[in-house]
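Have a look at the structure below before the remarks.
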Amino acid sequence: MSQVTAINQQSITDLDFLNDVLHGLAQQQKSLPCKYFYDDKGAALFEQITSLQEYYVTRTELAILEDYSKAIANRLPENLSIIEPGCGSGKKVAYLLAHMSNVKTFVPFEISSEMLNYSLAHLSPLFPELAITPLLGDFTHSQMVKQLTKDTALDSQTNLVYFPGSTLGNFAPVKAIEIMNNFHRLCGVDGYVLIGIDLVKERQVLLDAYDDKAGITAAFNKNLLQRINNELNGTFILDNFKHESRFNEVHSRIEMHLVSKCNQSVVINDKQIDFVAGESIHTENSHKYTLESFKNLAAQANLSLEQTWQDEKSYFALCLLRPM
């Protein structure tokens with residue numbers, strides 16, 4: 001039977017959410033943090049996105065895992081713990097766990113208790129003998145990560161920090177370096193970091209992946225406004241905004257925006273925010289890397305790129321890093 005320990009209660013509060021939303025919407029380029037996409041409905045919509053024909057990312061990464069999980073496992077020592085920040089359903093880590101013997105503990109690390117429970121529900125039946133120790137917190141928050149690693153003694157053992165998907169690309173380079181520094185701390189003594197990155201490719205392939213014909217990505221983007229309405233007394237009218245994906249050549253990234261269709265005002269917790277027609281809220285970035293640009297980025301977090309595994313089209317890569 002899975003050993004499930006008590007979840008750390010350092011959760012993200014409504015006040016954090018409110019402050020982040022009001023701060024972002026007060027900027028000249030209005031923005032909202034993408035980490036708030038994933039309430040229950042947002043998580044369900046994202047699961048739908050991963051199955052879309054246009055969204056190559058998930059199926060490509062799963063194919064890499066299917067082909068190379070054994071090779072990846074062979075590069076890692078036995079008796080380590082696996083930490084997965086932003087664990088989601090746990091579907092991807094299951095590929096690794098199936099090929100690794102004597103994993104000490106699996107630590108799903110999530111901002112959302114709902115997603116932790118979702119991960120547990122998926123993995124516990126598959127690996128009944130695995131000790132699972134959920135950790136609730138924000139892996140992007142350096143002080144929180146520092147405190148959690150100290151409290152849990154994760155920094156005194158050998159860990160693999162597994163960060164699949166292309167989530168690192170959601171962050172600007174400075175923040176991505178900070179997050180990889182957090183992973184450097186989490187990987188403990190003589191540890192490892194395994195990160196998924198989306199590679200540079202044809203522009204239309206990228207644009208279509210973030211603006212599917214069925215409108216699921218648009219619904220996912222707009223759900224962030226609905227979450228603000230539900231949790232922060234917001235008055236967004238979702239039909240007054242349209243979803244757009246854009247490619248920013250300068251920063252090599254896809255951007256998702258919600259564009260106001262008209263002049264309008266929205267109230268959030270008694271605070272009025274005004275929009276003019278055509279003004280956008282920038283909700284997400286997804287940076288696209290070359291192997292060289294990623295290697296240079298990781299080096300700034302004192303992580304060395306040891307090996308990569310890619311698909312045939314070089315659309316995606318799993319990158320194994322070690323502390324320098």
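Numbering starts fresh at 1 for the residues of each chain in the structure tokens, the chains themselves are lettered A, B, ... in the order given, and ligands are numbered from 1 as they appear.
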For this session: Per DSSP on the backbone, filter region 46-105 of chain A down to the residues in alpha helix (DSSP H) and report them as a ChimeraX atom specification.
Result: /A:46-49,56-74,91-99
For this session: May I have the residues within 12 Å of Ala299 (chain A) as a VMD selection string, using only C-alpha atoms and disregarding those fewer than 3 positions away in the same chain?
Result: chain A and resid 176 to 178 180 to 181 184 292 to 296 302 to 306 321 to 324
Could those selected residues go to a file with N, CA and C atoms, as a short mmCIF file (atom, residue, chain, number, x, y, z; two decimals), in the first residue's frame?
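Once everything was written out, this is selection.cif:
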```cif
data_model
loop_
_atom_site.label_atom_id
_atom_site.label_comp_id
_atom_site.auth_asym_id
_atom_site.auth_seq_id
_atom_site.Cartn_x
_atom_site.Cartn_y
_atom_site.Cartn_z
N ALA A 176 13.48 31.66 -15.04
CA ALA A 176 13.82 30.27 -15.34
C ALA A 176 15.13 29.88 -14.65
N ILE A 177 16.08 30.79 -14.61
CA ILE A 177 17.35 30.53 -13.92
C ILE A 177 17.10 30.38 -12.42
N GLU A 178 16.25 31.23 -11.85
CA GLU A 178 15.91 31.12 -10.43
C GLU A 178 15.27 29.76 -10.13
N MET A 180 15.62 26.97 -11.85
CA MET A 180 16.63 25.93 -11.94
C MET A 180 17.57 25.96 -10.74
N ASN A 181 17.80 27.13 -10.18
CA ASN A 181 18.54 27.21 -8.91
C ASN A 181 17.78 26.49 -7.80
N HIS A 184 18.33 22.94 -8.35
CA HIS A 184 19.69 22.63 -7.89
C HIS A 184 19.66 22.33 -6.39
N GLU A 292 21.75 24.63 -27.52
CA GLU A 292 22.83 25.52 -27.09
C GLU A 292 22.30 26.62 -26.18
N SER A 293 21.16 27.21 -26.54
CA SER A 293 20.61 28.28 -25.70
C SER A 293 20.18 27.73 -24.34
N PHE A 294 19.65 26.50 -24.32
CA PHE A 294 19.26 25.91 -23.03
C PHE A 294 20.48 25.57 -22.19
N LYS A 295 21.51 25.04 -22.82
CA LYS A 295 22.76 24.72 -22.11
C LYS A 295 23.32 25.98 -21.43
N ASN A 296 23.29 27.09 -22.15
CA ASN A 296 23.80 28.35 -21.59
C ASN A 296 22.92 28.85 -20.45
N ASN A 302 24.28 27.02 -12.47
CA ASN A 302 25.33 26.06 -12.10
C ASN A 302 24.91 24.61 -12.32
N LEU A 303 24.22 24.40 -13.44
CA LEU A 303 23.84 23.06 -13.85
C LEU A 303 24.47 22.76 -15.21
N SER A 304 25.05 21.58 -15.32
CA SER A 304 25.73 21.17 -16.55
C SER A 304 24.86 20.20 -17.34
N LEU A 305 24.72 20.45 -18.64
CA LEU A 305 23.94 19.57 -19.51
C LEU A 305 24.75 18.32 -19.82
N GLU A 306 24.26 17.16 -19.33
CA GLU A 306 25.00 15.90 -19.45
C GLU A 306 24.58 15.10 -20.67
N LEU A 321 20.56 17.10 -16.39
CA LEU A 321 21.49 18.09 -15.85
C LEU A 321 22.06 17.60 -14.53
N ARG A 322 23.28 18.07 -14.22
CA ARG A 322 23.89 17.78 -12.92
C ARG A 322 24.54 19.06 -12.39
N PRO A 323 24.60 19.18 -11.07
CA PRO A 323 25.28 20.34 -10.50
C PRO A 323 26.74 20.40 -10.94
N MET A 324 27.20 21.61 -11.23
CA MET A 324 28.60 21.78 -11.63
C MET A 324 29.53 21.64 -10.41
#
```
Exercise. Which polymer residues have any atom within 12 Å of an atom of Met100 (chain A), counting only C-alpha atoms, with same-chain residues fewer than 6 positions away left out, as a list in words?
Worked result: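 The residues that qualify are Ser69, Lys70, Ala71, Ile72, Ala73, Asn74, Arg75, Leu76, Pro77, Glu78, Asn79, Leu80, Ser81, Ile82, Val93, Ala94, Phe106, Phe127, Leu130 and Leu160 of chain A.
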Problem set entry | Selection near Glu61 (chain A), 12 Å with only C-alpha atoms, sequence-local residues under 3 positions removed, as number ranges by chain | A: 50, 55-58, 64-69, 91-93, 95, 163-166, 195-199, 309-319
Problem set entry | Spatial neighbours of Gly278 (chain A), max dist 10 Å, only C-alpha atoms, sep filter under 4 positions, as a ChimeraX atom specification | /A:241-242,258-263
Generate a file of the selected residues that holds N, CA and C atoms, formatted as a tab-separated table (two decimals), in the first residue's frame.
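Done, and the output landed in again18.tsv:
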```tsv
chain	number	residue	atom	x	y	z
A	241	PHE	N	-13.75	39.21	-24.35
A	241	PHE	CA	-12.32	38.99	-24.59
A	241	PHE	C	-12.15	37.86	-25.60
A	242	LYS	N	-11.13	38.00	-26.44
A	242	LYS	CA	-10.80	36.92	-27.39
A	242	LYS	C	-9.38	36.42	-27.15
A	258	LEU	N	-5.22	37.63	-23.90
A	258	LEU	CA	-6.67	37.82	-23.93
A	258	LEU	C	-6.91	39.27	-24.31
A	259	VAL	N	-7.53	39.49	-25.45
A	259	VAL	CA	-7.65	40.82	-26.04
A	259	VAL	C	-9.07	41.36	-25.80
A	260	SER	N	-9.14	42.55	-25.25
A	260	SER	CA	-10.44	43.18	-25.00
A	260	SER	C	-11.09	43.56	-26.33
A	261	LYS	N	-12.33	43.15	-26.53
A	261	LYS	CA	-13.05	43.46	-27.77
A	261	LYS	C	-13.65	44.86	-27.77
A	262	CYS	N	-13.65	45.53	-26.61
A	262	CYS	CA	-14.34	46.82	-26.51
A	262	CYS	C	-13.74	47.61	-25.35
A	263	ASN	N	-14.12	48.88	-25.26
A	263	ASN	CA	-13.80	49.65	-24.06
A	263	ASN	C	-14.68	49.12	-22.93
```
For this session: From a DSSP pass on the backbone, collect the residues of region 40-207 of chain A flagged as strand (DSSP E or B) and hand them back as a list in words.
Result: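 For region 40-207 of chain A, the strand (DSSP E or B) set is Ser81, Ile82, Ile83, Glu84, Pro85, Phe106, Val107, Pro108, Phe109, Glu110, Ala131, Ile132, Leu135, Leu136, Thr158, Asn159, Leu160, Val161, Tyr162, Phe163, Gly188, Tyr192, Val193, Leu194, Ile195, Gly196, Ile197, Asp198 and Leu199 of chain A.
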Seminar exercise, completed: Among A:Ala44, A:Leu135, A:Leu225, A:Ile83, Val193 (chain A) is approached most closely, using only C-alpha atoms, by A:Ile83
For this session: Might you pull out every residue within 10 Å of region 206-222 of chain A, with only C-alpha atoms counted and same-chain residues fewer than 6 positions away left off, and present them as a PyMOL selection string?
Result: chain A and resi 34+37-38+41-46+48-50+52-57+198+200+236-239+241-247+253-258+283-284+286+288
Could you write out the selected residues, including N, CA and C atoms, as a CSV table (one decimal), in the first residue's frame?
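File produced: result11.csv:
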```csv
chain,number,residue,atom,x,y,z
A,34,CYS,N,0.7,32.7,-15.1
A,34,CYS,CA,0.1,31.5,-15.6
A,34,CYS,C,0.0,30.4,-14.6
A,37,PHE,N,-3.6,29.3,-13.8
A,37,PHE,CA,-4.5,28.6,-14.8
A,37,PHE,C,-5.2,27.4,-14.2
A,38,TYR,N,-4.5,26.7,-13.2
A,38,TYR,CA,-4.9,25.3,-12.9
A,38,TYR,C,-5.7,25.2,-11.7
A,41,LYS,N,-11.2,23.2,-13.1
A,41,LYS,CA,-11.6,23.3,-14.5
A,41,LYS,C,-10.4,23.5,-15.4
A,42,GLY,N,-9.5,24.4,-15.0
A,42,GLY,CA,-8.3,24.6,-15.8
A,42,GLY,C,-7.5,23.4,-16.1
A,43,ALA,N,-7.3,22.6,-15.0
A,43,ALA,CA,-6.6,21.4,-15.1
A,43,ALA,C,-7.3,20.4,-16.1
A,44,ALA,N,-8.6,20.3,-16.0
A,44,ALA,CA,-9.3,19.4,-16.9
A,44,ALA,C,-9.2,19.9,-18.3
A,45,LEU,N,-9.3,21.2,-18.6
A,45,LEU,CA,-9.1,21.8,-19.9
A,45,LEU,C,-7.7,21.5,-20.5
A,46,PHE,N,-6.7,21.6,-19.6
A,46,PHE,CA,-5.4,21.3,-20.1
A,46,PHE,C,-5.2,19.9,-20.5
A,48,GLN,N,-7.4,18.1,-21.8
A,48,GLN,CA,-8.0,18.0,-23.1
A,48,GLN,C,-7.0,18.5,-24.2
A,49,ILE,N,-6.4,19.6,-23.9
A,49,ILE,CA,-5.4,20.2,-24.8
A,49,ILE,C,-4.3,19.2,-25.2
A,50,THR,N,-3.9,18.4,-24.2
A,50,THR,CA,-2.8,17.5,-24.4
A,50,THR,C,-3.1,16.4,-25.4
A,52,LEU,N,-5.1,17.1,-28.2
A,52,LEU,CA,-5.4,17.8,-29.5
A,52,LEU,C,-4.4,17.4,-30.5
A,53,GLN,N,-4.8,17.4,-31.8
A,53,GLN,CA,-3.9,17.1,-32.9
A,53,GLN,C,-2.9,18.2,-33.0
A,54,GLU,N,-3.3,19.4,-32.8
A,54,GLU,CA,-2.4,20.6,-33.0
A,54,GLU,C,-1.3,20.6,-31.9
A,55,TYR,N,-1.6,20.1,-30.7
A,55,TYR,CA,-0.7,20.2,-29.6
A,55,TYR,C,0.2,19.0,-29.6
A,56,TYR,N,1.3,19.2,-30.3
A,56,TYR,CA,2.3,18.1,-30.5
A,56,TYR,C,3.1,17.8,-29.2
A,57,VAL,N,3.1,18.7,-28.2
A,57,VAL,CA,4.1,18.6,-27.1
A,57,VAL,C,4.0,17.3,-26.3
A,198,ASP,N,10.8,22.5,-25.1
A,198,ASP,CA,10.3,22.6,-26.4
A,198,ASP,C,11.3,23.3,-27.3
A,200,VAL,N,13.0,25.0,-30.9
A,200,VAL,CA,12.6,25.9,-32.0
A,200,VAL,C,12.2,25.1,-33.2
A,236,PHE,N,-15.5,40.0,-14.7
A,236,PHE,CA,-15.1,39.8,-16.2
A,236,PHE,C,-16.3,39.2,-16.9
A,237,ILE,N,-16.6,39.8,-18.1
A,237,ILE,CA,-17.5,39.1,-19.0
A,237,ILE,C,-16.7,38.5,-20.1
A,238,LEU,N,-16.6,37.1,-20.0
A,238,LEU,CA,-15.7,36.4,-20.9
A,238,LEU,C,-15.8,36.6,-22.3
A,239,ASP,N,-17.1,36.8,-22.8
A,239,ASP,CA,-17.3,37.1,-24.2
A,239,ASP,C,-16.8,38.4,-24.7
A,241,PHE,N,-13.7,39.2,-24.3
A,241,PHE,CA,-12.3,39.0,-24.6
A,241,PHE,C,-12.1,37.9,-25.6
A,242,LYS,N,-11.1,38.0,-26.4
A,242,LYS,CA,-10.8,36.9,-27.4
A,242,LYS,C,-9.4,36.4,-27.1
A,243,HIS,N,-9.2,35.1,-27.4
A,243,HIS,CA,-7.9,34.5,-27.2
A,243,HIS,C,-7.0,34.7,-28.4
A,244,GLU,N,-5.7,35.0,-28.2
A,244,GLU,CA,-4.8,35.1,-29.3
A,244,GLU,C,-3.5,34.5,-28.9
A,245,SER,N,-2.9,33.7,-29.9
A,245,SER,CA,-1.5,33.3,-29.7
A,245,SER,C,-0.6,34.1,-30.7
A,246,ARG,N,0.6,34.5,-30.2
A,246,ARG,CA,1.5,35.3,-31.0
A,246,ARG,C,2.9,34.7,-30.9
A,247,PHE,N,3.7,34.8,-31.9
A,247,PHE,CA,5.1,34.4,-31.8
A,247,PHE,C,6.0,35.6,-31.7
A,253,ARG,N,9.6,33.1,-28.4
A,253,ARG,CA,8.5,32.5,-27.5
A,253,ARG,C,7.2,32.7,-28.1
A,254,ILE,N,6.3,31.7,-27.8
A,254,ILE,CA,4.9,31.9,-28.0
A,254,ILE,C,4.3,32.7,-26.9
A,255,GLU,N,3.4,33.7,-27.2
A,255,GLU,CA,2.7,34.4,-26.1
A,255,GLU,C,1.2,34.2,-26.3
A,256,MET,N,0.5,34.0,-25.1
A,256,MET,CA,-0.9,33.9,-25.1
A,256,MET,C,-1.4,35.2,-24.5
A,257,HIS,N,-2.5,35.7,-25.2
A,257,HIS,CA,-3.1,37.0,-24.8
A,257,HIS,C,-4.6,36.8,-24.8
A,258,LEU,N,-5.2,37.6,-23.9
A,258,LEU,CA,-6.7,37.8,-23.9
A,258,LEU,C,-6.9,39.3,-24.3
A,283,THR,N,-1.1,36.5,-20.7
A,283,THR,CA,-1.3,35.4,-19.7
A,283,THR,C,-0.2,34.3,-19.7
A,284,GLU,N,0.5,34.1,-20.8
A,284,GLU,CA,1.5,33.0,-20.7
A,284,GLU,C,2.5,33.2,-21.8
A,286,SER,N,5.7,30.8,-23.7
A,286,SER,CA,6.2,29.5,-23.8
A,286,SER,C,7.5,29.7,-24.7
A,288,LYS,N,10.9,28.9,-26.6
A,288,LYS,CA,11.4,27.8,-27.4
A,288,LYS,C,12.9,27.9,-27.5
```
Exercise. In Å, how far is it from CA of Tyr162 (chain A) to CA of Lys201 (chain A)?
Worked result: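 Rounded to one decimal, the two atoms are 24.1 Å apart.
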